[in-house]
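Chemist: As input, take upload00.tsv (TSV, C-alpha atoms):
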chain	number	residue	atom	x	y	z
B	1	SER	CA	51.50	52.16	64.52
B	2	ASP	CA	55.22	51.99	63.84
B	3	VAL	CA	56.11	55.23	62.08
B	4	HIS	CA	59.44	56.00	63.71
B	5	TRP	CA	61.31	54.54	60.71
B	6	ARG	CA	60.04	57.47	58.60
B	7	LEU	CA	61.76	60.07	60.78
B	8	TYR	CA	65.42	61.07	60.74
B	9	TYR	CA	67.65	63.41	62.70
B	10	THR	CA	70.60	65.61	61.95
B	11	PRO	CA	72.60	67.46	64.61
B	12	ARG	CA	73.64	70.13	62.06
B	13	PHE	CA	70.87	70.89	59.57
B	14	LYS	CA	72.64	73.53	57.47
B	15	ARG	CA	75.75	71.37	57.07
B	16	PHE	CA	73.58	68.42	56.10
B	17	VAL	CA	71.75	70.48	53.46
B	18	ASN	CA	75.00	71.93	52.12
B	19	SER	CA	76.37	68.39	51.73
B	20	LEU	CA	73.51	67.71	49.31
B	21	ILE	CA	73.19	71.17	47.71
B	22	PRO	CA	76.54	72.97	48.00
B	23	GLU	CA	76.26	76.53	49.35
B	24	LYS	CA	72.46	76.32	49.81
B	25	PHE	CA	73.12	78.08	53.10
B	26	GLU	CA	75.76	80.80	52.77
B	27	SER	CA	76.53	80.69	56.48
B	28	ILE	CA	76.49	77.67	58.78
B	29	GLU	CA	77.39	79.76	61.84
B	30	TYR	CA	74.00	79.37	63.54
B	31	ASP	CA	73.41	75.71	62.73
B	32	GLU	CA	70.98	73.61	64.74
B	33	PRO	CA	69.66	70.06	65.09
B	34	ARG	CA	66.43	69.25	63.24
B	35	LEU	CA	64.06	66.38	62.67
B	36	ILE	CA	64.23	65.31	59.00
B	37	LEU	CA	60.94	64.43	57.30
B	38	PRO	CA	61.83	63.03	53.85
B	39	PHE	CA	59.68	63.41	50.74
B	40	VAL	CA	59.76	60.00	49.04
B	41	ASP	CA	57.93	59.10	45.82
B	42	PRO	CA	56.12	55.78	45.15
B	43	PHE	CA	59.37	54.39	43.68
B	44	ASN	CA	61.22	55.08	46.96
B	45	LYS	CA	63.22	57.98	45.51
B	46	VAL	CA	63.85	60.89	47.89
B	47	PHE	CA	63.06	64.16	46.12
B	48	GLY	CA	63.15	66.56	49.08
B	49	PHE	CA	62.62	66.88	52.81
B	50	GLN	CA	61.56	69.16	55.59
B	51	GLY	CA	63.68	69.99	58.58
B	52	ARG	CA	61.57	70.63	61.69
B	53	ALA	CA	63.05	72.69	64.50
B	54	PHE	CA	62.97	71.34	68.04
B	55	ASN	CA	62.19	74.76	69.50
B	56	ASP	CA	59.76	77.53	68.62
B	57	LYS	CA	62.46	80.13	67.89
B	58	GLY	CA	62.94	81.04	64.25
B	59	ILE	CA	61.54	79.05	61.35
B	60	ARG	CA	59.76	75.88	62.48
B	61	TYR	CA	59.83	74.06	59.11
B	62	ILE	CA	62.36	74.47	56.31
B	63	SER	CA	61.59	72.65	53.06
B	64	ILE	CA	64.46	71.59	50.82
B	65	MET	CA	63.59	70.29	47.37
B	66	LEU	CA	66.03	68.11	45.44
B	67	ASP	CA	63.55	67.97	42.53
B	68	ASN	CA	61.42	71.11	42.20
B	69	SER	CA	59.07	69.47	39.71
B	70	ARG	CA	57.56	67.31	42.48
B	71	PRO	CA	54.92	68.40	45.00
B	72	LYS	CA	56.03	68.77	48.65
B	73	VAL	CA	54.50	65.51	49.85
B	74	PHE	CA	55.43	63.51	52.93
B	75	GLY	CA	54.34	59.84	53.06
B	76	TRP	CA	53.62	59.40	49.33
B	77	HIS	CA	55.51	56.08	49.27
B	78	THR	CA	53.38	54.63	52.08
B	79	ILE	CA	49.85	55.08	50.76
B	80	ASN	CA	47.53	52.49	49.27
B	81	ARG	CA	45.53	54.15	46.50
B	82	THR	CA	42.94	51.34	46.51
B	83	LYS	CA	41.75	52.82	49.84
B	84	LEU	CA	40.67	56.33	50.79
B	85	VAL	CA	43.78	58.53	50.90
B	86	ASN	CA	43.87	61.08	53.69
B	87	ALA	CA	45.89	64.29	53.36
B	88	THR	CA	46.94	66.65	56.14
B	89	GLU	CA	48.82	69.93	56.08
B	90	GLY	CA	51.68	68.83	58.33
B	91	PRO	CA	53.86	65.71	58.21
B	92	ILE	CA	53.64	65.10	61.98
B	93	ASP	CA	49.82	65.18	61.76
B	94	SER	CA	49.89	62.59	58.97
B	95	LEU	CA	51.67	60.07	61.20
B	96	PHE	CA	48.53	59.67	63.34
B	97	ILE	CA	46.16	58.83	60.46
B	98	ASP	CA	46.05	55.60	58.44
B	99	ASN	CA	46.85	55.83	54.72
B	100	CYS	CA	47.84	59.46	54.96
B	101	VAL	CA	50.12	61.92	53.20
B	102	ALA	CA	50.95	65.49	54.14
B	103	PHE	CA	51.18	68.35	51.72
B	104	ALA	CA	53.89	69.87	53.87
B	105	GLY	CA	52.22	73.25	54.24
B	106	SER	CA	51.92	73.76	50.51
B	107	ASP	CA	49.03	73.98	48.10
B	108	GLY	CA	50.64	71.57	45.65
B	109	ASP	CA	48.93	69.57	42.95
B	110	MET	CA	47.22	66.75	44.83
B	111	THR	CA	46.21	64.97	41.62
B	112	GLU	CA	49.79	63.76	41.12
B	113	VAL	CA	49.48	61.85	44.41
B	114	GLU	CA	45.86	60.72	43.92
B	115	PRO	CA	44.29	61.42	40.50
B	116	ASN	CA	40.80	60.42	41.70
B	117	LYS	CA	39.62	63.39	43.78
B	118	GLU	CA	36.77	61.33	45.25
B	119	ASN	CA	39.40	58.98	46.74
B	120	MET	CA	41.06	61.71	48.80
B	121	ARG	CA	39.97	63.32	52.08
B	122	ILE	CA	41.73	66.53	53.05
B	123	ILE	CA	42.14	67.29	56.74
B	124	TYR	CA	43.09	70.93	57.22
B	125	ASP	CA	44.23	72.32	60.54
B	126	ASN	CA	41.43	73.23	62.94
B	127	GLU	CA	41.46	76.99	62.50
B	128	PRO	CA	37.82	77.91	61.72
B	129	ARG	CA	38.47	81.64	62.05
B	130	ASN	CA	41.54	81.62	59.80
B	131	GLU	CA	40.39	83.11	56.49
B	132	GLN	CA	43.15	81.32	54.53
B	133	ILE	CA	42.10	77.91	55.90
B	134	VAL	CA	38.43	78.63	55.26
B	135	GLU	CA	39.28	79.63	51.67
B	136	LYS	CA	41.35	76.44	51.18
B	137	ILE	CA	38.41	74.36	52.43
B	138	ARG	CA	36.01	76.15	50.07
B	139	ARG	CA	38.34	75.71	47.06
B	140	SER	CA	38.91	72.02	47.86
B	141	ILE	CA	35.18	71.29	48.15
B	142	GLU	CA	34.48	73.15	44.91
B	143	ALA	CA	37.28	71.16	43.22
B	144	GLY	CA	35.52	67.90	44.21
B	145	TYR	CA	37.60	66.74	47.18
B	146	ASN	CA	36.23	65.28	50.40
B	147	VAL	CA	37.11	67.59	53.29
B	148	PHE	CA	37.07	66.80	56.99
B	149	ILE	CA	35.34	69.50	59.03
B	150	TRP	CA	36.35	69.56	62.68
B	151	PRO	CA	33.49	69.32	65.23
B	152	ASP	CA	32.77	72.57	67.10
B	153	ASN	CA	33.66	70.98	70.45
B	154	VAL	CA	37.27	70.27	69.40
B	155	THR	CA	39.56	73.20	70.16
B	156	SER	CA	42.93	71.61	69.32
B	157	LYS	CA	44.65	73.41	66.44
B	158	ASP	CA	45.62	70.24	64.55
B	159	ILE	CA	45.80	66.43	64.82
B	160	ASN	CA	49.09	66.39	66.71
B	161	GLN	CA	47.75	68.83	69.32
B	162	PHE	CA	44.48	66.87	69.51
B	163	VAL	CA	46.43	63.69	70.36
B	164	LEU	CA	48.41	65.57	73.02
B	165	ASP	CA	45.25	67.19	74.43
B	166	THR	CA	43.36	63.89	74.71
B	167	LYS	CA	46.22	61.71	75.92
B	168	VAL	CA	45.40	59.91	79.15
B	169	ASN	CA	48.23	60.06	81.70
Just give me the structure as structure tokens.
Modeler:
Amino acid sequence: SDVHWRLYYTPRFKRFVNSLIPEKFESIEYDEPRLILPFVDPFNKVFGFQGRAFNDKGIRYISIMLDNSRPKVFGWHTINRTKLVNATEGPIDSLFIDNCVAFAGSDGDMTEVEPNKENMRIIYDNEPRNEQIVEKIRRSIEAGYNVFIWPDNVTSKDINQFVLDTKVN
């Protein structure tokens, strides 16, 4: 599907952030380009964003909140709450699933996005030996959410990697 319109780019992330929140970064000496993944509410108001690095050096994701009272949610403005709402951990993963949001690596309050827990399916990363992920799955099930459990034969760490691993050349 066409999701490219939801992605932005900045050649100088720290300068971009400082233009919105003066002096958020004290130094802009080691600035870098980043993919911008905006957090947009159902009324099309941007309340934050994540900057994703293009390399694996340093911090991969940096979240910047313009309104700290909102949960770190990517894709909120795109979902149809009359259908099952899917939720992933990472914004890139959410781009591959219909009617999906991402909780941007946070454990935010999902009920603000979808008050009906039975109408949400949470898709955690595929890390069955990661105690934190296993605990998140347990807590989500106990709270009444639907949770996707990865099949044993899938070894990809998340949806994005699964797509890359199964892509036919």
Chemist: May I have the residues within 12 Å of B:Asn80 as a PyMOL selection string, using only C-alpha atoms and disregarding those fewer than 3 positions away in the same chain?
Modeler: chain B and resi 42+75-77+83-86+98-101+113-114+119-120
Chemist: Please produce a file of the residues just selected, as an mmCIF file, in the coordinates of the input, where the atoms kept are C-alpha atoms.
Modeler:
data_model
loop_
_atom_site.group_PDB
_atom_site.id
_atom_site.type_symbol
_atom_site.label_atom_id
_atom_site.label_comp_id
_atom_site.auth_asym_id
_atom_site.auth_seq_id
_atom_site.Cartn_x
_atom_site.Cartn_y
_atom_site.Cartn_z
ATOM 1 C CA PRO B 42 56.120 55.780 45.150
ATOM 2 C CA GLY B 75 54.340 59.840 53.060
ATOM 3 C CA TRP B 76 53.620 59.400 49.330
ATOM 4 C CA HIS B 77 55.510 56.080 49.270
ATOM 5 C CA LYS B 83 41.750 52.820 49.840
ATOM 6 C CA LEU B 84 40.670 56.330 50.790
ATOM 7 C CA VAL B 85 43.780 58.530 50.900
ATOM 8 C CA ASN B 86 43.870 61.080 53.690
ATOM 9 C CA ASP B 98 46.050 55.600 58.440
ATOM 10 C CA ASN B 99 46.850 55.830 54.720
ATOM 11 C CA CYS B 100 47.840 59.460 54.960
ATOM 12 C CA VAL B 101 50.120 61.920 53.200
ATOM 13 C CA VAL B 113 49.480 61.850 44.410
ATOM 14 C CA GLU B 114 45.860 60.720 43.920
ATOM 15 C CA ASN B 119 39.400 58.980 46.740
ATOM 16 C CA MET B 120 41.060 61.710 48.800
#
Chemist: If I take atom CA of B:Phe13 and atom CA of B:Arg34, how far is one from the other in Å, to one decimal?
Modeler: 6.0 Å
Chemist: Go ahead and compute the interatomic distance for atom CA of B:Asp93 and atom CA of B:Lys136, in Å to one decimal.
Modeler: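 That distance, rounded to one decimal, is 17.6 Å.
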Chemist: Could you tell me how far atom CA of B:Lys24 sits from atom CA of B:Asn55, in Å to one decimal place?
Modeler: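 Atom CA of B:Lys24 lies at a distance of 22.3 Å from atom CA of B:Asn55.
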Chemist: So, with all atoms listed in the file as the atoms that count, which of B:Phe148, B:Phe54, B:Tyr61, B:Phe103 lies closest to B:Ile123?
Modeler: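 The shortest atom-to-atom distance to B:Ile123 comes from B:Phe148.
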Chemist: Please provide as a ChimeraX atom specification all residues within 8 Å of stretch 36-41 of chain B, with the sequence filter that same-chain residues fewer than 2 positions apart are discarded (counting all atoms listed in the file).
Modeler: /B:6-10,34,43-52,72-77,91
Chemist: Give me a file of those residues, with C-alpha atoms, as a PDB file, in the frame of the given file.
Modeler:
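This went into out.pdb:
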ATOM      1  CA  ARG B   6      60.040  57.470  58.600  1.00  0.00           C
ATOM      2  CA  LEU B   7      61.760  60.070  60.780  1.00  0.00           C
ATOM      3  CA  TYR B   8      65.420  61.070  60.740  1.00  0.00           C
ATOM      4  CA  TYR B   9      67.650  63.410  62.700  1.00  0.00           C
ATOM      5  CA  THR B  10      70.600  65.610  61.950  1.00  0.00           C
ATOM      6  CA  ARG B  34      66.430  69.250  63.240  1.00  0.00           C
ATOM      7  CA  PHE B  43      59.370  54.390  43.680  1.00  0.00           C
ATOM      8  CA  ASN B  44      61.220  55.080  46.960  1.00  0.00           C
ATOM      9  CA  LYS B  45      63.220  57.980  45.510  1.00  0.00           C
ATOM     10  CA  VAL B  46      63.850  60.890  47.890  1.00  0.00           C
ATOM     11  CA  PHE B  47      63.060  64.160  46.120  1.00  0.00           C
ATOM     12  CA  GLY B  48      63.150  66.560  49.080  1.00  0.00           C
ATOM     13  CA  PHE B  49      62.620  66.880  52.810  1.00  0.00           C
ATOM     14  CA  GLN B  50      61.560  69.160  55.590  1.00  0.00           C
ATOM     15  CA  GLY B  51      63.680  69.990  58.580  1.00  0.00           C
ATOM     16  CA  ARG B  52      61.570  70.630  61.690  1.00  0.00           C
ATOM     17  CA  LYS B  72      56.030  68.770  48.650  1.00  0.00           C
ATOM     18  CA  VAL B  73      54.500  65.510  49.850  1.00  0.00           C
ATOM     19  CA  PHE B  74      55.430  63.510  52.930  1.00  0.00           C
ATOM     20  CA  GLY B  75      54.340  59.840  53.060  1.00  0.00           C
ATOM     21  CA  TRP B  76      53.620  59.400  49.330  1.00  0.00           C
ATOM     22  CA  HIS B  77      55.510  56.080  49.270  1.00  0.00           C
ATOM     23  CA  PRO B  91      53.860  65.710  58.210  1.00  0.00           C
TER      24      PRO B  91
END
Chemist: What are the centre and edge lengths in Å, to one decimal, of the axis-aligned box around all listed atoms of stretch 53-63 of chain B with 3 Å added on each side, as JSON?
Modeler:
{"center_x": 61.4, "center_y": 76.2, "center_z": 61.3, "size_x": 9.3, "size_y": 15.7, "size_z": 22.4}
Chemist: Find the residue from B:Asp2, B:Asp56, B:Glu118, B:Glu32 that sits nearest to B:Val147; use all atoms listed in the file when measuring.
Modeler: B:Glu118
Chemist: Is there a way to get, as a PDB file with C-alpha atoms, in the coordinates of the input, all residues within 9 Å of the point (67.0, 69.7, 46.0) in file coordinates, counting only C-alpha atoms?
Modeler:
ATOM      1  CA  VAL B  17      71.750  70.480  53.460  1.00  0.00           C
ATOM      2  CA  LEU B  20      73.510  67.710  49.310  1.00  0.00           C
ATOM      3  CA  ILE B  21      73.190  71.170  47.710  1.00  0.00           C
ATOM      4  CA  PHE B  47      63.060  64.160  46.120  1.00  0.00           C
ATOM      5  CA  GLY B  48      63.150  66.560  49.080  1.00  0.00           C
ATOM      6  CA  PHE B  49      62.620  66.880  52.810  1.00  0.00           C
ATOM      7  CA  ILE B  64      64.460  71.590  50.820  1.00  0.00           C
ATOM      8  CA  MET B  65      63.590  70.290  47.370  1.00  0.00           C
ATOM      9  CA  LEU B  66      66.030  68.110  45.440  1.00  0.00           C
ATOM     10  CA  ASP B  67      63.550  67.970  42.530  1.00  0.00           C
ATOM     11  CA  ASN B  68      61.420  71.110  42.200  1.00  0.00           C
TER      12      ASN B  68
END
Chemist: When distances are computed from all atoms listed in the file, which of B:Ile122, B:Asp158, B:Ala53, B:Pro71 shows the smallest separation from B:Arg139?
Modeler: B:Ile122
Chemist: Skipping near chain neighbours, those fewer than 6 positions away, what residues fall within 9 Å of B:Arg15 using all atoms listed in the file, listed as a PDB file with C-alpha atoms, keeping the file's coordinate frame?
Modeler:
ATOM      1  CA  PHE B  25      73.120  78.080  53.100  1.00  0.00           C
ATOM      2  CA  ILE B  28      76.490  77.670  58.780  1.00  0.00           C
ATOM      3  CA  ASP B  31      73.410  75.710  62.730  1.00  0.00           C
TER       4      ASP B  31
END
Chemist: With a distance cut-off of 12 Å and only C-alpha atoms, select the neighbouring residues of B:Asp152, excluding the residue or stretch itself and same-chain residues fewer than 3 positions from it, and output the selection as a list in words.
Modeler: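 Within the cut-off, the hits are Asn126, Glu127, Pro128, Arg129, Ile149, Thr155, Ser156 and Lys157 of chain B.
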Chemist: With all heavy atoms as the target, complete stretch 138-149 of chain B and hand it back as a JSON list (two decimals), in the coordinates of the input.
Modeler:
[["chain", "number", "residue", "atom", "x", "y", "z"],
["B", 138, "ARG", "N", 36.99, 75.83, 51.12],
["B", 138, "ARG", "CA", 36.01, 76.15, 50.07],
["B", 138, "ARG", "C", 36.52, 75.72, 48.69],
["B", 138, "ARG", "O", 35.81, 75.05, 47.95],
["B", 138, "ARG", "CB", 35.71, 77.66, 50.07],
["B", 138, "ARG", "CG", 34.57, 78.06, 49.12],
["B", 138, "ARG", "CD", 34.42, 79.56, 48.96],
["B", 138, "ARG", "NE", 35.57, 80.21, 48.37],
["B", 138, "ARG", "CZ", 35.91, 80.13, 47.06],
["B", 138, "ARG", "NH1", 35.18, 79.43, 46.23],
["B", 138, "ARG", "NH2", 36.97, 80.76, 46.61],
["B", 139, "ARG", "N", 37.76, 76.07, 48.37],
["B", 139, "ARG", "CA", 38.34, 75.71, 47.06],
["B", 139, "ARG", "C", 38.42, 74.19, 46.89],
["B", 139, "ARG", "O", 38.16, 73.68, 45.81],
["B", 139, "ARG", "CB", 39.71, 76.34, 46.88],
["B", 139, "ARG", "CG", 39.66, 77.82, 46.54],
["B", 139, "ARG", "CD", 40.99, 78.36, 46.02],
["B", 139, "ARG", "NE", 42.17, 77.81, 46.66],
["B", 139, "ARG", "CZ", 42.91, 78.45, 47.56],
["B", 139, "ARG", "NH1", 42.60, 79.67, 47.94],
["B", 139, "ARG", "NH2", 43.97, 77.87, 48.08],
["B", 140, "SER", "N", 38.79, 73.48, 47.94],
["B", 140, "SER", "CA", 38.91, 72.02, 47.86],
["B", 140, "SER", "C", 37.56, 71.36, 47.63],
["B", 140, "SER", "O", 37.44, 70.44, 46.83],
["B", 140, "SER", "CB", 39.56, 71.46, 49.13],
["B", 140, "SER", "OG", 40.88, 71.91, 49.24],
["B", 141, "ILE", "N", 36.54, 71.84, 48.34],
["B", 141, "ILE", "CA", 35.18, 71.29, 48.15],
["B", 141, "ILE", "C", 34.70, 71.57, 46.73],
["B", 141, "ILE", "O", 34.18, 70.68, 46.05],
["B", 141, "ILE", "CB", 34.21, 71.86, 49.21],
["B", 141, "ILE", "CG1", 34.56, 71.32, 50.60],
["B", 141, "ILE", "CG2", 32.76, 71.53, 48.84],
["B", 141, "ILE", "CD1", 33.83, 71.99, 51.74],
["B", 142, "GLU", "N", 34.90, 72.80, 46.27],
["B", 142, "GLU", "CA", 34.48, 73.15, 44.91],
["B", 142, "GLU", "C", 35.23, 72.34, 43.85],
["B", 142, "GLU", "O", 34.70, 72.07, 42.78],
["B", 142, "GLU", "CB", 34.68, 74.66, 44.66],
["B", 142, "GLU", "CG", 33.66, 75.51, 45.39],
["B", 142, "GLU", "CD", 33.89, 77.00, 45.21],
["B", 142, "GLU", "OE1", 34.88, 77.40, 44.55],
["B", 142, "GLU", "OE2", 33.07, 77.78, 45.74],
["B", 143, "ALA", "N", 36.48, 71.95, 44.16],
["B", 143, "ALA", "CA", 37.28, 71.16, 43.22],
["B", 143, "ALA", "C", 36.88, 69.68, 43.23],
["B", 143, "ALA", "O", 37.35, 68.90, 42.41],
["B", 143, "ALA", "CB", 38.77, 71.30, 43.54],
["B", 144, "GLY", "N", 36.01, 69.27, 44.18],
["B", 144, "GLY", "CA", 35.52, 67.90, 44.21],
["B", 144, "GLY", "C", 36.17, 66.99, 45.23],
["B", 144, "GLY", "O", 35.96, 65.78, 45.21],
["B", 145, "TYR", "N", 36.96, 67.56, 46.14],
["B", 145, "TYR", "CA", 37.60, 66.74, 47.18],
["B", 145, "TYR", "C", 36.68, 66.57, 48.38],
["B", 145, "TYR", "O", 35.84, 67.43, 48.65],
["B", 145, "TYR", "CB", 38.90, 67.40, 47.66],
["B", 145, "TYR", "CG", 40.01, 67.36, 46.66],
["B", 145, "TYR", "CD1", 40.31, 68.47, 45.88],
["B", 145, "TYR", "CD2", 40.77, 66.21, 46.48],
["B", 145, "TYR", "CE1", 41.34, 68.45, 44.95],
["B", 145, "TYR", "CE2", 41.80, 66.18, 45.55],
["B", 145, "TYR", "CZ", 42.08, 67.29, 44.79],
["B", 145, "TYR", "OH", 43.08, 67.25, 43.87],
["B", 146, "ASN", "N", 36.85, 65.46, 49.10],
["B", 146, "ASN", "CA", 36.23, 65.28, 50.40],
["B", 146, "ASN", "C", 37.06, 66.09, 51.39],
["B", 146, "ASN", "O", 38.28, 66.08, 51.32],
["B", 146, "ASN", "CB", 36.27, 63.80, 50.82],
["B", 146, "ASN", "CG", 35.50, 62.91, 49.89],
["B", 146, "ASN", "OD1", 34.29, 63.05, 49.79],
["B", 146, "ASN", "ND2", 36.19, 62.01, 49.21],
["B", 147, "VAL", "N", 36.40, 66.78, 52.30],
["B", 147, "VAL", "CA", 37.11, 67.59, 53.29],
["B", 147, "VAL", "C", 36.56, 67.26, 54.67],
["B", 147, "VAL", "O", 35.34, 67.22, 54.86],
["B", 147, "VAL", "CB", 36.95, 69.10, 52.99],
["B", 147, "VAL", "CG1", 37.61, 69.94, 54.09],
["B", 147, "VAL", "CG2", 37.54, 69.46, 51.64],
["B", 148, "PHE", "N", 37.46, 67.03, 55.60],
["B", 148, "PHE", "CA", 37.07, 66.80, 56.99],
["B", 148, "PHE", "C", 36.82, 68.15, 57.65],
["B", 148, "PHE", "O", 37.66, 69.05, 57.57],
["B", 148, "PHE", "CB", 38.19, 66.04, 57.73],
["B", 148, "PHE", "CG", 37.93, 65.88, 59.20],
["B", 148, "PHE", "CD1", 37.08, 64.87, 59.65],
["B", 148, "PHE", "CD2", 38.51, 66.72, 60.13],
["B", 148, "PHE", "CE1", 36.84, 64.70, 61.00],
["B", 148, "PHE", "CE2", 38.27, 66.57, 61.49],
["B", 148, "PHE", "CZ", 37.43, 65.56, 61.92],
["B", 149, "ILE", "N", 35.67, 68.29, 58.29],
["B", 149, "ILE", "CA", 35.34, 69.50, 59.03],
["B", 149, "ILE", "C", 35.37, 69.14, 60.52],
["B", 149, "ILE", "O", 34.66, 68.23, 60.96],
["B", 149, "ILE", "CB", 33.93, 70.05, 58.65],
["B", 149, "ILE", "CG1", 33.83, 70.30, 57.14],
["B", 149, "ILE", "CG2", 33.60, 71.30, 59.46],
["B", 149, "ILE", "CD1", 34.71, 71.39, 56.59]]
